[in-house]
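Trainee: Supplied in structure tokens, the structure appears directly below.
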Amino acid sequence: MTPRIDIAGEGALIVYLGDQVSPKLAATISALLPQIKATLGDALVDLVPSYNSILVQYQPLKTDHFAVRFQLTQLLSQQLNQQSDSGNTRLVKLPVWYSEESGPDLTRLADNAGLSTDNVIELHQQSQYRVYAIGFAPGFAYLGEVDERIAAPRLATPRKKVPTGAVAIADRQTAVYPAPSPGGWNLIGLCPHPMFDKSAQSPMPVAVGDTVQFYAIDKDEFLRLGGKVEAFR
């Protein structure tokens, strides 16, 4: 797909970079974000990356969509000519307490897949997942793709409350719930690491384009790292 830039309202343009989710596309988006920030400077209001696009919000009193479109077109041309597959990616490792107590859907997911719970845990933590997008709630990172053997559809009836740190799978995506919320993903464990802290210098431990890998810990280590056991509803 040839990149496309459309008007997305007053003071906003949206850049479409592809029509299929892929690690290469995520890396391109990750690499473009700091370049757009540097180019637009104080005229930039916000950037909202997604799986295949970037929403660019700017100050209409400091620039206009013609100038922003021209600047974005130049950046896109430079980026595509580089054909970079790495971007500014980082590998972020997150601990998970996998168990029936911390992941109420773990056994069911394993049974449906014809695997043991140990198989599911092993498959989940052996993969490295690209951060494709952040949304739904601050700090909720959509990670992909999980091994197809442990992919699972969303629950028919979402839970009223999923606790902070719940590690979940939906289709071929996985994620960590950053705060208590309703949710229909399959829960397989708990992560003690905060996924969003508005008081921190870097509120989120991951960004679009980063890579995440999970590793198993036991309950004692989970509690030592500050994790809390909350009820599932």
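Chain labels follow the order of the structure tokens: the first chain is A, the next B, and so on; residue numbering restarts at 1 in every chain, and ligands are counted from 1 in their shown order.
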Please produce, as CSV, a per-residue contact table for range 52-137 of chain A versus range 182-197 of chain A (criterion: any atom at most 8 Å away, only C-alpha atoms considered), showing the nearest atom pair and its distance in Å to one decimal, sorted by chain then residue number.

Mentor:
```
residue,atom,partner,partner_atom,distance
A:Leu94,CA,A:His193,CA,7.0
A:Pro95,CA,A:Cys191,CA,5.7
A:Val96,CA,A:Cys191,CA,4.6
A:Trp97,CA,A:Leu190,CA,5.2
A:Tyr98,CA,A:Gly189,CA,4.3
A:Ser99,CA,A:Gly189,CA,6.1
A:Glu100,CA,A:Ile188,CA,7.5
A:Ser102,CA,A:Gly189,CA,4.8
A:Gly103,CA,A:Ile188,CA,3.7
A:Pro104,CA,A:Leu187,CA,6.0
A:Asp105,CA,A:Leu187,CA,5.1
A:Leu106,CA,A:Ile188,CA,4.6
A:Leu109,CA,A:Asn186,CA,7.7
```

Trainee: Quick one: pick out all strand (DSSP E or B) residues within range 5-223 of chain A from a backbone DSSP run and write them as a ChimeraX atom specification.

Mentor: /A:5-7,12-16,44-49,53-58,91-98,129-134,141-144,152,159-162,166-171,173-176,181-183,186-190,211-217

Trainee: Kindly provide the residues of range 50-121 of chain A that approach range 148-156 of chain A to within 10 Å, each paired with its closest atom pair and their distance in Å to one decimal, based on only C-alpha atoms, listed by chain and increasing number, as CSV.

Mentor:
```
residue,atom,partner,partner_atom,distance
A:Asp105,CA,A:Leu155,CA,9.8
A:Leu109,CA,A:Ala152,CA,7.2
A:Ala110,CA,A:Ile150,CA,7.5
A:Asn112,CA,A:Ala152,CA,8.8
A:Ala113,CA,A:Ile150,CA,6.4
A:Gly114,CA,A:Arg149,CA,9.0
A:Leu115,CA,A:Arg149,CA,8.7
A:Asn119,CA,A:Ile150,CA,9.2
A:Val120,CA,A:Ile150,CA,6.5
A:Ile121,CA,A:Ile150,CA,9.5
```

Trainee: Atoms to include: C-alpha atoms. Write the selected residues as a PDB file, in the first residue's frame.

Mentor:
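What follows is the written file out_26.pdb:
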```
ATOM      1  CA  ASP A 105      -8.888 -19.002  32.061  1.00  0.00           C
ATOM      2  CA  LEU A 109      -7.553 -22.356  27.298  1.00  0.00           C
ATOM      3  CA  ALA A 110      -5.138 -25.284  27.652  1.00  0.00           C
ATOM      4  CA  ASN A 112      -9.452 -26.250  24.358  1.00  0.00           C
ATOM      5  CA  ALA A 113      -6.046 -26.260  22.675  1.00  0.00           C
ATOM      6  CA  GLY A 114      -5.307 -29.868  23.645  1.00  0.00           C
ATOM      7  CA  LEU A 115      -2.267 -28.735  25.648  1.00  0.00           C
ATOM      8  CA  ASN A 119       2.658 -25.982  27.453  1.00  0.00           C
ATOM      9  CA  VAL A 120       0.565 -22.812  27.321  1.00  0.00           C
ATOM     10  CA  ILE A 121       2.888 -21.018  29.740  1.00  0.00           C
TER      11      ILE A 121
END
```

Trainee: Report, in Å to a single decimal, how far apart CA of Phe136 in chain A and CA of Gly209 in chain A are.

Mentor: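 CA of Gly209 in chain A sits 17.5 Å away from CA of Phe136 in chain A.
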
Trainee: Which residues come within 12 Å of Gly135 in chain A, counting only C-alpha atoms, excluding same-chain residues fewer than 2 positions away, as a PyMOL selection string?

Mentor: chain A and resi 48-51+131-133+137-143+175-178+196+207-208

Trainee: What is the CA of Val206 in chain A-CA of Tyr129 in chain A distance in Å, reported with one decimal?

Mentor: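 These atoms are spaced 11.4 Å apart.
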
Trainee: Quick one: residues within 9 Å of Tyr16 in chain A, only C-alpha atoms counted, chain neighbours fewer than 2 positions away excluded, as a VMD selection string?

Mentor: chain A and resid 1 to 6 14 18 to 19 52 to 55

Trainee: Find the residues near Ser181 in chain A: any atom within 7 Å, counting only C-alpha atoms, skip ones fewer than 3 places away on the same chain, and give them as number ranges by chain.

Mentor: A: 161-163

Trainee: Using only C-alpha atoms, determine which residues lie at most 6 Å from Gln173 in chain A, disregarding the query and same-chain residues fewer than 2 positions distant; provide the list as a ChimeraX atom specification.

Mentor: /A:143-146,169-171

Trainee: Go ahead and save the residues from that selection, with all heavy atoms, as a PDB file, in the first residue's frame.

Mentor:
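Contents of result.pdb, freshly written:
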```pdb
ATOM      1  N   LEU A 143      -0.238  -6.474  21.899  1.00  0.00           N
ATOM      2  CA  LEU A 143       0.991  -7.182  21.557  1.00  0.00           C
ATOM      3  C   LEU A 143       0.674  -8.360  20.641  1.00  0.00           C
ATOM      4  O   LEU A 143      -0.302  -9.080  20.835  1.00  0.00           O
ATOM      5  CB  LEU A 143       1.669  -7.707  22.827  1.00  0.00           C
ATOM      6  CG  LEU A 143       1.815  -6.728  23.993  1.00  0.00           C
ATOM      7  CD1 LEU A 143       2.385  -7.438  25.219  1.00  0.00           C
ATOM      8  CD2 LEU A 143       2.704  -5.562  23.601  1.00  0.00           C
ATOM      9  N   GLY A 144       1.516  -8.561  19.660  1.00  0.00           N
ATOM     10  CA  GLY A 144       1.287  -9.696  18.775  1.00  0.00           C
ATOM     11  C   GLY A 144       2.600 -10.190  18.168  1.00  0.00           C
ATOM     12  O   GLY A 144       3.593  -9.496  18.195  1.00  0.00           O
ATOM     13  N   GLU A 145       2.554 -11.416  17.649  1.00  0.00           N
ATOM     14  CA  GLU A 145       1.379 -12.269  17.660  1.00  0.00           C
ATOM     15  C   GLU A 145       1.693 -13.505  18.489  1.00  0.00           C
ATOM     16  O   GLU A 145       2.814 -14.025  18.436  1.00  0.00           O
ATOM     17  CB  GLU A 145       1.009 -12.686  16.243  1.00  0.00           C
ATOM     18  CG  GLU A 145       0.557 -11.530  15.367  1.00  0.00           C
ATOM     19  CD  GLU A 145       0.222 -12.007  13.953  1.00  0.00           C
ATOM     20  OE1 GLU A 145       0.889 -12.934  13.498  1.00  0.00           O
ATOM     21  OE2 GLU A 145      -0.706 -11.431  13.352  1.00  0.00           O
ATOM     22  N   VAL A 146       0.683 -14.004  19.237  1.00  0.00           N
ATOM     23  CA  VAL A 146       0.903 -15.205  20.037  1.00  0.00           C
ATOM     24  C   VAL A 146       0.948 -16.423  19.125  1.00  0.00           C
ATOM     25  O   VAL A 146       0.430 -16.417  18.005  1.00  0.00           O
ATOM     26  CB  VAL A 146      -0.199 -15.400  21.105  1.00  0.00           C
ATOM     27  CG1 VAL A 146      -0.286 -14.208  22.038  1.00  0.00           C
ATOM     28  CG2 VAL A 146      -1.546 -15.666  20.464  1.00  0.00           C
ATOM     29  N   ILE A 169      -5.055 -13.111  26.697  1.00  0.00           N
ATOM     30  CA  ILE A 169      -4.957 -13.448  25.280  1.00  0.00           C
ATOM     31  C   ILE A 169      -6.330 -13.269  24.640  1.00  0.00           C
ATOM     32  O   ILE A 169      -7.349 -13.665  25.209  1.00  0.00           O
ATOM     33  CB  ILE A 169      -4.488 -14.906  25.083  1.00  0.00           C
ATOM     34  CG1 ILE A 169      -3.029 -15.081  25.517  1.00  0.00           C
ATOM     35  CG2 ILE A 169      -4.649 -15.345  23.623  1.00  0.00           C
ATOM     36  CD1 ILE A 169      -2.551 -16.523  25.479  1.00  0.00           C
ATOM     37  N   ALA A 170      -6.337 -12.674  23.435  1.00  0.00           N
ATOM     38  CA  ALA A 170      -7.555 -12.585  22.628  1.00  0.00           C
ATOM     39  C   ALA A 170      -7.143 -12.755  21.178  1.00  0.00           C
ATOM     40  O   ALA A 170      -6.337 -11.968  20.663  1.00  0.00           O
ATOM     41  CB  ALA A 170      -8.267 -11.253  22.835  1.00  0.00           C
ATOM     42  N   ASP A 171      -7.674 -13.793  20.546  1.00  0.00           N
ATOM     43  CA  ASP A 171      -7.250 -14.143  19.189  1.00  0.00           C
ATOM     44  C   ASP A 171      -5.721 -14.339  19.207  1.00  0.00           C
ATOM     45  O   ASP A 171      -5.239 -15.098  20.021  1.00  0.00           O
ATOM     46  CB  ASP A 171      -7.707 -13.075  18.194  1.00  0.00           C
ATOM     47  CG  ASP A 171      -9.225 -12.938  18.187  1.00  0.00           C
ATOM     48  OD1 ASP A 171      -9.906 -13.982  18.201  1.00  0.00           O
ATOM     49  OD2 ASP A 171      -9.723 -11.809  18.194  1.00  0.00           O
TER      50      ASP A 171
END
```

Trainee: So that each row is one residue of range 55-80 of chain A with an atom at most 8 Å from range 22-40 of chain A, can you give its shortest atom pair and the distance in Å to one decimal, using only C-alpha atoms, rows by chain and rising number, as CSV?

Mentor:
```
residue,atom,partner,partner_atom,distance
A:Val68,CA,A:Leu40,CA,7.6
A:Gln71,CA,A:Thr39,CA,7.4
A:Leu72,CA,A:Ile36,CA,7.3
A:Leu75,CA,A:Gln35,CA,7.5
A:Leu76,CA,A:Leu32,CA,8.0
A:Gln79,CA,A:Leu32,CA,7.5
```

Trainee: Go ahead and write the residues just picked, all heavy atoms, as a PDB file, in the first residue's frame.

Mentor:
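Listing of again-v8.pdb after writing:
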```
ATOM      1  N   VAL A  68       1.859  20.940   7.136  1.00  0.00           N
ATOM      2  CA  VAL A  68       2.060  19.677   7.844  1.00  0.00           C
ATOM      3  C   VAL A  68       2.087  18.513   6.861  1.00  0.00           C
ATOM      4  O   VAL A  68       2.916  17.605   6.963  1.00  0.00           O
ATOM      5  CB  VAL A  68       0.966  19.471   8.913  1.00  0.00           C
ATOM      6  CG1 VAL A  68       1.119  18.102   9.568  1.00  0.00           C
ATOM      7  CG2 VAL A  68       1.029  20.564   9.961  1.00  0.00           C
ATOM      8  N   GLN A  71       5.468  18.415   5.205  1.00  0.00           N
ATOM      9  CA  GLN A  71       6.507  17.901   6.103  1.00  0.00           C
ATOM     10  C   GLN A  71       6.384  16.388   6.283  1.00  0.00           C
ATOM     11  O   GLN A  71       7.387  15.665   6.277  1.00  0.00           O
ATOM     12  CB  GLN A  71       6.404  18.609   7.459  1.00  0.00           C
ATOM     13  CG  GLN A  71       6.772  20.080   7.407  1.00  0.00           C
ATOM     14  CD  GLN A  71       6.421  20.810   8.684  1.00  0.00           C
ATOM     15  OE1 GLN A  71       5.298  20.728   9.181  1.00  0.00           O
ATOM     16  NE2 GLN A  71       7.390  21.533   9.235  1.00  0.00           N
ATOM     17  N   LEU A  72       5.155  15.909   6.409  1.00  0.00           N
ATOM     18  CA  LEU A  72       4.945  14.469   6.575  1.00  0.00           C
ATOM     19  C   LEU A  72       5.329  13.708   5.310  1.00  0.00           C
ATOM     20  O   LEU A  72       5.912  12.618   5.378  1.00  0.00           O
ATOM     21  CB  LEU A  72       3.484  14.187   6.933  1.00  0.00           C
ATOM     22  CG  LEU A  72       3.012  14.667   8.314  1.00  0.00           C
ATOM     23  CD1 LEU A  72       1.512  14.454   8.456  1.00  0.00           C
ATOM     24  CD2 LEU A  72       3.763  13.961   9.431  1.00  0.00           C
ATOM     25  N   LEU A  75       9.048  13.277   5.261  1.00  0.00           N
ATOM     26  CA  LEU A  75       9.485  12.260   6.225  1.00  0.00           C
ATOM     27  C   LEU A  75       9.183  10.855   5.717  1.00  0.00           C
ATOM     28  O   LEU A  75      10.005   9.942   5.854  1.00  0.00           O
ATOM     29  CB  LEU A  75       8.809  12.485   7.587  1.00  0.00           C
ATOM     30  CG  LEU A  75       9.267  13.691   8.392  1.00  0.00           C
ATOM     31  CD1 LEU A  75       8.443  13.811   9.675  1.00  0.00           C
ATOM     32  CD2 LEU A  75      10.747  13.570   8.749  1.00  0.00           C
ATOM     33  N   LEU A  76       8.010  10.672   5.148  1.00  0.00           N
ATOM     34  CA  LEU A  76       7.634   9.363   4.620  1.00  0.00           C
ATOM     35  C   LEU A  76       8.575   8.935   3.502  1.00  0.00           C
ATOM     36  O   LEU A  76       8.992   7.772   3.431  1.00  0.00           O
ATOM     37  CB  LEU A  76       6.196   9.384   4.114  1.00  0.00           C
ATOM     38  CG  LEU A  76       5.099   9.451   5.172  1.00  0.00           C
ATOM     39  CD1 LEU A  76       3.753   9.688   4.515  1.00  0.00           C
ATOM     40  CD2 LEU A  76       5.073   8.173   5.996  1.00  0.00           C
ATOM     41  N   GLN A  79      11.853   7.883   5.059  1.00  0.00           N
ATOM     42  CA  GLN A  79      11.750   6.627   5.805  1.00  0.00           C
ATOM     43  C   GLN A  79      11.630   5.429   4.870  1.00  0.00           C
ATOM     44  O   GLN A  79      12.268   4.398   5.068  1.00  0.00           O
ATOM     45  CB  GLN A  79      10.541   6.682   6.746  1.00  0.00           C
ATOM     46  CG  GLN A  79      10.357   5.447   7.619  1.00  0.00           C
ATOM     47  CD  GLN A  79      11.499   5.256   8.577  1.00  0.00           C
ATOM     48  OE1 GLN A  79      12.128   6.212   9.009  1.00  0.00           O
ATOM     49  NE2 GLN A  79      11.798   4.010   8.917  1.00  0.00           N
TER      50      GLN A  79
END
```

Trainee: Would you mind writing down, as number ranges by chain, each residue of chain A that DSSP on the backbone assigns to alpha helix (DSSP H)?

Mentor: A: 23-40, 65-82, 106-113, 117-126, 219-224

Trainee: For Glu10 in chain A, list every protein, DNA or RNA residue within 10 Å, evaluated using only C-alpha atoms, and leave out those in the same chain fewer than 4 positions away; present the list as a PyMOL selection string.

Mentor: chain A and resi 57-60+64-65

Trainee: What does the distance from CA of Arg108 in chain A to CA of Val212 in chain A come to in Å, to one decimal?

Mentor: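 Separation of CA of Arg108 in chain A and CA of Val212 in chain A: 24.7 Å.
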